[in-house]
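K.L.:
First, the structure itself, so that you have it in front of you.
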Amino acid sequence: MNPGPAAALDAPEDADPTEGGSATRVDQGDRGWPHRHLLDVAGLDGHDLDLVMRTADEMRRILARPIPKVPALRGLSVTILFYEASTRTRVSFEVAAKNLSADVVNIAAASSSVAKGESLIDTVRTVEALGADVLVIRHGRSGAPDLAARVFGGHVINAGDGWHAHPTQALLDLYTLRDHLPGGDLRGRKVVIVGDVLHSRVARSNIWSLTTAGADVWLCGPATLLRGFESLAAALPAERSLTVTTSIDAALAAADAVMALRLQQERMSGGLLPSLREYAAGYQLNAARMAGAAPEAIVLHPGPMNEGIEIAPDLAAGGRSVITEQVTNGVAVRMAVLYLLARGRDLEAGDG
Amino acid sequence: MTARQIMTADEIRRALVRISHELVEKHGGTADLALVGIQRRGVPLADRIAAAIAANEDVSVPVGALDITFYRDDLSLVAHQPIVKGTDLPFDLNGLTVVIVDDVLYTGRTIRAAMDALMDFGRPRAISLAVLIDRGHRELPIRADHVGKNVPTSDEEVIRVHLLEVDGDDQVEIDRLGAGVATS
């Protein structure tokens, strides 16, 4: 790729014209991965998203092999530090790291020194001193991964922080949508996010990645769970299409994809809803409501599901549902992210 | 510009035709023979060798593409992002004689990685190696079975293989390291 320090490389890399400088540049899209951490999707542009998607394609081919394992991250240590309960995201990262031959350490905060009062910064420093190259962190407080990134010498991946961001979920949702939409093109496609948008880091991350990909994004739910998003929609530049509505019928009309969000009962102390039953009556995704959507429209859910509340069980298990694919794609996308971060640039290079 | 041409388009074509004959002769026919090009310039070379075999023998041997990015041992030495180009092996390589095709053989590390990658897809009966240029300086006990041209080089030189399919023209140049690639 680069002739400079590449004396140990075979010559085809020396001669690769794709890194600029040569008159015969062919693949215009072959730009590298410029980020040291993955804390948010708001900082990813269309090129970055494409690179993750293309790398995830290759990862999915690896997953289809009899032995889904390559030595790409051999010798690399990935520490998974979760301050919040999770099964699928934690296991997904663990499987992804192991498929790339990385060494994986799992820390559940509840059973660690955190329970003895250790601060986040001290925990991160300890994890680094124990040899971690990549830190995958989930925390109930928004911004905790940013704080960790400030003290951690390696790469930090945000696996969900408070209401703020859940970048790998947004990337796997994007991957799943591209997989199902003709030509993998989201431009002009109506993607509806229904439910508890207010408390949802999944929604906040998806808004950025989906509008970057050119989708026509709609947010729908009771007014109390959409607070603040109308002003966000108004403040976005014209090329990002975001519509906020309390009308489920208007939202679902001719939709190409619908994502149900989990009603976050654990964050629902403020009297935002009269009752779960009333929410279900007004906003549950079910077959009848989906009749207004495009015939081939797909249904997504980031999980875990409260079946019978935000989504009807028959819809979740039905032919439109791609919820199981989301889980499989999650492993491929997380492999891509781990690979791009850890191998994409020198640890020393540092862009803060 | 210090670059010097060491192979013309015609010389490349003749070398590949010769390699195609050698391959078939050494293998004793084309049964259970497959070609696998290493991304990126090995892929069009494998296609051309397969086309030459088709012209000589009237049989089409299976051709695959191998991306060895995930198998490299020198990623930390690469300053730029290795972009994944994709692996496509549309045949079962168990029991086949697989000929790895690449443009330049240098340290041998690419070939080591390619053999590891192939083994993850099955158990070939044998693996052999065909390259357009052998420039020496091996760091591993690896040698090519079929060579288009042996080019003695120093570590301060680079070999630039241009192929029509990738670069728009066919030729091989030798240059001083760092010359001609302004951004390096």
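Ligands are numbered from 1 in the order shown, chains are lettered A, B, ... in the order of the structure tokens, and residues start at 1 in each chain.
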Extract, using only C-alpha atoms, all DNA, RNA and protein residues at most 7 Å from Ala113 (chain B), discarding same-chain residues fewer than 2 positions from it, and format them as a PyMOL selection string.
P.N.:
chain B and resi 68+71-72+109-111+115-117
K.L.:
What would the file look like if the residues just selected were written as an mmCIF file, in the first residue's frame with C-alpha atoms?
P.N.:
data_model
loop_
_atom_site.group_PDB
_atom_site.id
_atom_site.type_symbol
_atom_site.label_atom_id
_atom_site.label_comp_id
_atom_site.auth_asym_id
_atom_site.auth_seq_id
_atom_site.Cartn_x
_atom_site.Cartn_y
_atom_site.Cartn_z
ATOM 1 C CA ILE B 68 -5.285 -12.532 2.133
ATOM 2 C CA TYR B 71 -4.070 -13.562 7.140
ATOM 3 C CA ARG B 72 -1.188 -11.101 6.842
ATOM 4 C CA ARG B 109 4.944 -13.554 3.343
ATOM 5 C CA THR B 110 1.997 -12.971 1.017
ATOM 6 C CA ILE B 111 2.258 -16.569 -0.196
ATOM 7 C CA MET B 115 -1.578 -20.860 1.893
ATOM 8 C CA ASP B 116 -3.071 -20.327 5.373
ATOM 9 C CA ALA B 117 -6.177 -18.802 3.797
#
K.L.:
Considering only C-alpha atoms, return as a PyMOL selection string whatever protein or nucleic-acid residues lie within 9 Å of Leu140 (chain B), sequence-local ones (same chain, fewer than 5 positions apart) excluded.
P.N.:
chain B and resi 107-109+112
K.L.:
Run DSSP on the backbone and grab whatever in region 46-158 of chain A lands in alpha helix (DSSP H); send it over as a PyMOL selection string.
P.N.:
chain A and resi 46-63+88-99+120-129+144-151
K.L.:
Which residues are near Asp161 (chain A)? Cut-off 9 Å, only C-alpha atoms, ignore same chain within fewer than 6 positions. Put them as a count of residues only.
P.N.:
10
K.L.:
Extract, using only C-alpha atoms, all DNA, RNA and protein residues at most 10 Å from Lys149 (chain B), discarding same-chain residues fewer than 3 positions from it, and format them as a list in words.
P.N.:
Ile6, Met7, Glu11, Ile12, Ala15, Val104, Val131, Leu132, Ile133, Asp134, Arg135, His146 and Pro152 of chain B
K.L.:
Could you give me, as a count of residues only, the residues within 9 Å of region 258-274 of chain A, counting only C-alpha atoms and dropping anything in the same chain fewer than 2 positions from it?
P.N.:
39
K.L.:
Enter the distance from CA of Asn56 (chain B) to CA of Asp102 (chain B), in Å, rounded to one decimal.
P.N.:
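One can read the CA of Asn56 (chain B) to CA of Asp102 (chain B) distance as 21.5 Å.
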K.L.:
Please report the interatomic distance between CA of Val41 (chain A) and CA of Thr245 (chain A) in Å with one decimal.
P.N.:
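Atom-to-atom, CA of Val41 (chain A) to CA of Thr245 (chain A), that is 23.7 Å.
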K.L.:
When DSSP is applied to the backbone of this structure, which of region 97-305 of chain A are assigned strand (DSSP E or B)? Write them out as an NGL selection string.
P.N.:
:A and (103-108 or 134-139 or 155-161 or 165 or 190-194 or 216-220 or 241-245 or 257-260 or 285 or 298-300)
K.L.:
Between A:Leu147, A:Leu51, A:Leu39, A:Ala288, which residue has the minimum interatomic distance to chain B, considering only C-alpha atoms?
P.N.:
A:Leu51
